[in-house]
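Here's data12.txt, which has compact mmCIF, C-alpha atoms:
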# COMPACT_ATOMS: atom_id res chain seq x y z
CA MET R 64 92.61 205.98 147.03
CA HIS R 65 95.00 205.36 149.90
CA PHE R 66 93.71 204.59 153.39
CA THR R 67 95.84 206.17 156.09
CA SER R 68 94.08 205.05 159.29
CA GLU R 69 91.09 203.14 160.54
CA GLN R 70 89.16 202.71 163.77
CA HIS R 71 85.84 201.34 164.95
CA LEU R 72 83.38 203.79 166.44
CA ASP R 73 80.56 202.96 168.84
CA GLY R 74 78.01 200.76 167.13
CA ASP R 75 80.72 199.01 165.11
CA VAL R 76 80.99 201.71 162.46
CA LEU R 77 84.27 201.45 160.57
CA GLU R 78 85.91 204.84 160.10
CA ARG R 79 88.76 205.12 157.61
CA GLU R 80 90.71 208.23 156.72
CA PHE R 81 91.99 208.35 153.15
CA THR R 82 93.73 210.51 150.60
CA LEU R 83 92.86 210.68 146.92
CA ASP R 84 95.24 212.61 144.68
CA GLY R 85 96.50 214.35 147.81
CA ILE R 86 93.01 215.33 149.00
CA PRO R 87 92.01 214.08 152.48
CA GLY R 88 88.70 212.44 153.25
CA ILE R 89 86.92 210.17 155.70
CA LEU R 90 84.79 207.11 154.94
CA TRP R 91 82.36 205.52 157.39
CA THR R 92 80.79 202.13 156.72
CA PRO R 93 78.30 200.13 158.80
CA ALA R 94 79.05 196.61 159.97
CA SER R 95 76.41 195.31 157.55
CA ALA R 96 78.39 196.40 154.48
CA SER R 97 80.05 193.60 152.54
CA ALA R 98 80.95 192.68 148.99
CA SER R 99 77.89 190.44 148.82
CA ALA R 100 75.61 193.00 150.46
CA PRO R 101 76.80 196.49 149.47
CA VAL R 102 75.15 199.56 150.97
CA PRO R 103 74.20 202.91 149.41
CA LEU R 104 76.47 205.93 149.92
CA ILE R 105 75.74 209.42 151.21
CA LEU R 106 78.23 212.21 150.55
CA LEU R 107 78.33 214.43 153.62
CA GLY R 108 78.72 218.08 152.71
CA HIS R 109 80.18 220.55 155.19
CA PRO R 110 81.23 224.21 155.40
CA THR R 111 84.73 225.47 154.66
CA LEU R 112 85.92 225.11 158.26
CA GLY R 113 87.94 221.96 157.60
CA LEU R 114 87.32 218.29 158.35
CA ALA R 115 89.14 218.47 161.70
CA LYS R 116 86.87 221.22 163.05
CA MET R 117 83.77 219.63 161.59
CA TYR R 118 84.67 216.08 162.67
CA PRO R 119 82.35 215.82 165.73
CA ARG R 120 79.30 216.79 163.65
CA LEU R 121 80.34 214.69 160.67
CA ALA R 122 80.99 211.62 162.80
CA ALA R 123 77.60 212.01 164.48
CA ARG R 124 75.90 212.26 161.09
CA ALA R 125 77.87 209.23 159.90
CA ARG R 126 76.77 207.17 162.91
CA HIS R 127 73.13 208.00 162.19
CA ALA R 128 73.60 207.13 158.51
CA ALA R 129 75.23 203.81 159.41
CA ALA R 130 72.35 202.96 161.75
CA ASP R 131 70.05 203.40 158.75
CA GLY R 132 72.23 201.16 156.58
CA PHE R 133 74.25 203.76 154.66
CA ALA R 134 77.94 204.31 154.14
CA SER R 135 78.96 207.97 154.22
CA ALA R 136 82.00 209.99 153.21
CA ALA R 137 83.31 213.52 153.56
CA VAL R 138 86.04 215.13 151.45
CA GLU R 139 88.14 218.14 152.44
CA LEU R 140 87.12 221.21 150.45
CA PRO R 141 89.65 223.25 148.44
CA GLY R 142 91.50 225.82 150.52
CA SER R 143 90.26 224.30 153.78
CA GLY R 144 91.75 222.26 156.60
CA ASP R 145 95.26 221.05 155.85
CA ARG R 146 94.97 221.73 152.12
CA PRO R 147 97.12 224.53 150.65
CA ARG R 148 95.85 228.05 151.05
CA TRP R 149 94.03 229.32 147.97
CA GLU R 150 94.64 233.00 147.21
CA VAL R 151 91.34 233.51 145.38
CA LEU R 152 89.36 232.11 148.29
CA GLU R 153 91.45 233.93 150.91
CA GLN R 154 90.82 237.27 149.20
CA ALA R 155 87.08 236.60 148.97
CA ARG R 156 86.96 235.70 152.66
CA ALA R 157 88.84 238.90 153.53
CA ASP R 158 86.37 240.96 151.49
CA LEU R 159 83.48 239.24 153.27
CA ARG R 160 84.95 239.96 156.70
CA ARG R 161 85.46 243.63 155.84
CA ALA R 162 81.86 243.97 154.68
CA LEU R 163 80.49 242.28 157.79
CA GLN R 164 82.69 244.29 160.17
CA ALA R 165 81.62 247.53 158.49
CA GLY R 166 77.97 246.54 158.77
CA GLU R 167 77.61 246.68 154.99
CA PRO R 168 75.43 244.35 152.92
CA VAL R 169 77.29 241.46 151.33
CA GLY R 170 77.17 242.28 147.63
CA GLU R 171 76.69 239.90 144.74
CA GLU R 172 80.32 240.35 143.64
CA ILE R 173 81.59 239.13 147.02
CA VAL R 174 79.19 236.16 147.03
CA ASP R 175 80.19 235.16 143.49
CA ALA R 176 83.91 235.40 144.32
CA LEU R 177 83.44 233.45 147.56
CA VAL R 178 81.32 230.59 146.25
CA LEU R 179 81.67 230.05 142.50
CA PRO R 180 85.41 229.19 142.37
CA LEU R 181 84.85 226.81 145.27
CA VAL R 182 82.01 225.06 143.43
CA ASP R 183 84.02 224.87 140.21
CA ARG R 184 86.91 223.13 141.97
CA ALA R 185 85.08 221.06 144.60
CA VAL R 186 82.51 219.37 142.38
CA PRO R 187 85.01 217.61 140.05
CA GLU R 188 86.93 216.48 143.15
CA LEU R 189 83.78 215.05 144.68
CA ARG R 190 82.95 213.24 141.46
CA ALA R 191 86.46 211.73 141.40
CA ALA R 192 85.96 210.65 145.01
CA LEU R 193 82.69 209.00 144.00
CA ASP R 194 84.51 207.06 141.28
CA ALA R 195 86.93 205.66 143.85
CA LEU R 196 84.42 205.07 146.64
CA LEU R 197 82.00 203.15 144.46
CA GLU R 198 84.77 200.75 143.44
CA LEU R 199 85.26 199.64 147.05
CA PRO R 200 83.70 196.34 148.17
CA GLY R 201 80.66 196.91 150.33
CA ILE R 202 79.62 200.21 148.73
CA ASP R 203 77.27 200.67 145.81
CA GLY R 204 74.80 203.17 144.44
CA PRO R 205 72.48 204.88 144.58
CA VAL R 206 74.19 207.94 146.05
CA GLY R 207 72.79 210.83 148.06
CA TYR R 208 74.24 214.21 148.96
CA SER R 209 73.58 215.72 152.37
CA GLY R 210 74.18 219.22 153.72
CA GLY R 211 77.17 221.46 153.19
CA VAL R 212 77.52 224.47 150.90
CA ILE R 213 74.20 224.53 149.10
CA SER R 214 75.68 225.70 145.78
CA ILE R 215 77.94 222.64 145.72
CA GLY R 216 74.91 220.43 146.29
CA VAL R 217 73.01 222.14 143.48
CA ARG R 218 75.86 221.72 141.00
CA LEU R 219 76.36 218.06 141.96
CA ALA R 220 72.66 217.35 141.54
CA VAL R 221 72.80 218.84 138.03
CA VAL R 222 75.98 217.24 136.66
CA GLU R 223 76.31 213.94 138.56
CA PRO R 224 73.79 211.28 137.43
CA ARG R 225 74.75 208.99 140.33
CA ILE R 226 73.21 211.47 142.79
CA LYS R 227 69.63 210.24 143.17
CA ALA R 228 68.48 212.43 146.08
CA ALA R 229 69.80 215.49 147.90
CA GLY R 230 69.21 216.90 151.35
CA LEU R 231 70.28 220.55 151.27
CA PHE R 232 70.78 223.07 154.08
CA ALA R 233 69.81 226.64 153.20
CA GLY R 234 72.48 228.20 155.38
CA SER R 235 75.10 229.62 153.01
CA PHE R 236 75.46 232.43 150.49
CA VAL R 237 73.90 231.74 147.09
CA PRO R 238 75.37 233.23 143.89
CA ARG R 239 73.10 234.41 141.10
CA ALA R 240 74.28 231.60 138.83
CA THR R 241 73.09 228.97 141.30
CA PHE R 242 69.48 230.06 140.80
CA GLU R 243 69.75 229.22 137.10
CA GLU R 244 71.37 225.87 137.85
CA ALA R 245 68.59 225.09 140.33
CA ARG R 246 66.05 225.06 137.51
CA ARG R 247 67.92 222.07 136.04
CA VAL R 248 67.78 220.00 139.21
CA THR R 249 65.36 217.07 138.88
CA VAL R 250 66.24 214.70 141.75
CA PRO R 251 64.05 214.56 144.87
CA LEU R 252 65.03 217.29 147.34
CA HIS R 253 64.71 217.77 151.08
CA VAL R 254 65.66 221.36 151.98
CA LEU R 255 66.19 222.48 155.56
CA LEU R 256 65.79 226.17 156.46
CA GLN R 257 66.44 227.68 159.87
CA TRP R 258 63.96 230.56 159.89
CA ASP R 259 66.02 232.85 162.14
CA ASP R 260 69.47 231.98 160.72
CA GLU R 261 71.45 235.15 161.34
CA GLY R 262 73.89 234.47 158.50
CA ASN R 263 71.38 233.42 155.88
CA ASP R 264 69.19 235.49 153.56
CA ARG R 265 65.81 233.90 154.22
CA GLN R 266 64.14 235.33 151.14
CA ALA R 267 66.99 234.16 148.91
CA ALA R 268 66.62 230.67 150.38
CA LEU R 269 62.89 230.69 149.66
CA ASP R 270 63.49 231.97 146.12
CA LEU R 271 66.06 229.24 145.52
CA PHE R 272 63.61 226.59 146.70
CA ASP R 273 61.01 227.94 144.28
CA ALA R 274 63.57 227.78 141.47
CA PHE R 275 64.33 224.07 141.86
CA GLY R 276 62.99 222.07 138.94
CA SER R 277 62.41 218.86 140.92
CA GLU R 278 58.91 217.45 140.86
CA GLU R 279 59.40 216.24 144.41
CA LYS R 280 60.83 218.88 146.73
CA THR R 281 60.12 219.52 150.39
CA LEU R 282 61.04 222.59 152.43
CA VAL R 283 61.31 222.03 156.17
CA ALA R 284 61.50 225.34 158.05
CA ASN R 285 62.25 225.45 161.76
CA MET R 286 62.33 228.38 164.14
CA GLY R 287 65.80 229.15 165.47
CA GLY R 288 69.28 230.14 164.36
CA HIS R 289 71.94 228.39 162.31
CA THR R 290 72.96 225.96 165.05
CA GLY R 291 69.48 225.43 166.46
CA VAL R 292 68.48 222.57 164.19
CA PRO R 293 66.04 220.32 166.11
CA ARG R 294 66.57 216.57 166.36
CA SER R 295 63.38 216.02 164.38
CA ALA R 296 65.05 217.59 161.34
CA GLY R 297 67.66 214.83 161.29
CA GLU R 298 64.97 212.20 161.63
CA ASP R 299 63.06 213.71 158.71
CA ALA R 300 66.21 213.69 156.56
CA ALA R 301 66.91 210.06 157.48
CA ARG R 302 63.43 209.02 156.36
CA PHE R 303 63.93 210.98 153.13
CA PHE R 304 67.14 209.15 152.22
CA THR R 305 65.77 205.78 153.25
CA ARG R 306 62.81 206.33 150.94
CA HIS R 307 64.88 207.36 147.93
CA LEU R 308 68.12 205.39 148.21
CA LYS R 309 66.85 201.97 149.24
Take the structure I supplied and represent it as structure tokens, if you would.
Amino acid sequence: MHFTSEQHLDGDVLEREFTLDGIPGILWTPASASASAPVPLILLGHPTLGLAKMYPRLAARARHAAADGFASAAVELPGSGDRPRWEVLEQARADLRRALQAGEPVGEEIVDALVLPLVDRAVPELRAALDALLELPGIDGPVGYSGGVISIGVRLAVVEPRIKAAGLFAGSFVPRATFEEARRVTVPLHVLLQWDDEGNDRQAALDLFDAFGSEEKTLVANMGGHTGVPRSAGEDAARFFTRHLK
């Protein structure tokens, strides 16, 4: 892991940009973090818009996490941001745009092509990032995963034993295979659903929640669209991670 820049944000949060095997990322740590008093880590998931576009939201989430005593990190997803274009993903995105512009339903084949290759590539990269992040002084487990592409969160919760709790956002397409993986999830879950999300299949989100195998799982549904998440939802998620990671 190579740090390329650092700055202090309001509240004395240390923000460091890094690259790991050529993949960009950002790490935020609170002032309280030290080698003698390491803090838990939350991986911040995000959509495939790129870290630069998502930075204001990610930095805000990181500030809140730091105030609660957590380090947080975000890693650029394959085919996003400044990473090389990925033909498989570009074709799937083009097929999605055509379906939406034609007013056609988004079929399972498009969803599988759009999401599954991304999950297959992103999850090993996130696990490698975890290896490097947890070796840094001031950061320790347990680890949580928050937000982002829900299928990535599901796969991580299944294959990565260092993930002890996950806060998922039901706001992205869900392949059929993800429903089967969800049955193998056992960590505590906090799932946010925007009831009127124009880009989300509400029933699929509810079915996915039912499929999760976790003994402790909470669905928080709010009225409003994709970007209408109330402040209380963030406060609920903060309490969830504080309860399970500290």
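Contact shell of Ile226 (chain R) at 9 Å (all atoms listed in the file; same-chain neighbours under 6 positions omitted): Gly204, Pro205, Val206, Gly207, Tyr208, Leu219, Ala220 and Val250 of chain R.
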C-alpha atoms of the current selection, written as a PDB file, in the frame of the given file:
ATOM      1  CA  GLY R 204      74.800 203.170 144.440  1.00  0.00           C
ATOM      2  CA  PRO R 205      72.480 204.880 144.580  1.00  0.00           C
ATOM      3  CA  VAL R 206      74.190 207.940 146.050  1.00  0.00           C
ATOM      4  CA  GLY R 207      72.790 210.830 148.060  1.00  0.00           C
ATOM      5  CA  TYR R 208      74.240 214.210 148.960  1.00  0.00           C
ATOM      6  CA  LEU R 219      76.360 218.060 141.960  1.00  0.00           C
ATOM      7  CA  ALA R 220      72.660 217.350 141.540  1.00  0.00           C
ATOM      8  CA  VAL R 250      66.240 214.700 141.750  1.00  0.00           C
TER       9      VAL R 250
END
What does the distance between CA of Thr92 (chain R) and CA of Ala134 (chain R) come to in Å, to one decimal place?
->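 Taking CA of Thr92 (chain R) as the start and CA of Ala134 (chain R) as the end point, the length is 4.4 Å.
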Gap from CA of Gly88 (chain R) to CA of Thr111 (chain R) - Å, one decimal | 13.7 Å
Separation of CA of Gly85 (chain R) from CA of Val182 (chain R) in Å |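 That distance, rounded to one decimal, is 18.5 Å.
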Which polymer residues have any atom within 10 Å of an atom of region 65-74 of chain R, counting all atoms listed in the file, with same-chain residues fewer than 6 positions away left out, as a count of residues only?
-> 18
Long-range neighbours of Ala192 (chain R) as a count of residues only, 8 Å cut-off, only C-alpha atoms, 4 positions minimum in chain | 4
Contacts of Ala96 (chain R) within 9 Å, only C-alpha atoms, excl. fewer than 3 positions in-chain, as a PyMOL selection string = chain R and resi 92-93+99-102+132-134+200-202
Would you mind exporting the chosen residues as a PDB file, keeping the file's coordinate frame, restricted to C-alpha atoms?
ATOM      1  CA  THR R  92      80.790 202.130 156.720  1.00  0.00           C
ATOM      2  CA  PRO R  93      78.300 200.130 158.800  1.00  0.00           C
ATOM      3  CA  SER R  99      77.890 190.440 148.820  1.00  0.00           C
ATOM      4  CA  ALA R 100      75.610 193.000 150.460  1.00  0.00           C
ATOM      5  CA  PRO R 101      76.800 196.490 149.470  1.00  0.00           C
ATOM      6  CA  VAL R 102      75.150 199.560 150.970  1.00  0.00           C
ATOM      7  CA  GLY R 132      72.230 201.160 156.580  1.00  0.00           C
ATOM      8  CA  PHE R 133      74.250 203.760 154.660  1.00  0.00           C
ATOM      9  CA  ALA R 134      77.940 204.310 154.140  1.00  0.00           C
ATOM     10  CA  PRO R 200      83.700 196.340 148.170  1.00  0.00           C
ATOM     11  CA  GLY R 201      80.660 196.910 150.330  1.00  0.00           C
ATOM     12  CA  ILE R 202      79.620 200.210 148.730  1.00  0.00           C
TER      13      ILE R 202
END
Have a look at R:Glu244, R:Glu298, R:Ile86, R:Leu104 and name the one nearest to Glu198 (chain R); count all atoms listed in the file.
->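 Using all atoms listed in the file, the shortest distance to Glu198 (chain R) belongs to R:Leu104.
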Determine, counting all atoms listed in the file, every residue of protein, DNA or RNA that lies within 10 Å of (64.7, 232.2, 139.3) in the file coordinates, then give the result as a PyMOL selection string.
-> chain R and resi 239-246+270-275
Gly262 (chain R) environment, 12 Å, only C-alpha atoms, sequence neighbours closer than 4 positions dropped, as JSON, numbers by chain = {"R": [159, 163, 168, 169, 233, 234, 235, 236, 237, 256, 257, 258, 267, 268, 287, 288, 289, 290]}
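In this comparison, which uses all atoms listed in the file, the residue of R:Thr249, R:Ser95, R:Asn285, R:Gln164 approaching Arg265 (chain R) most closely is R:Asn285.
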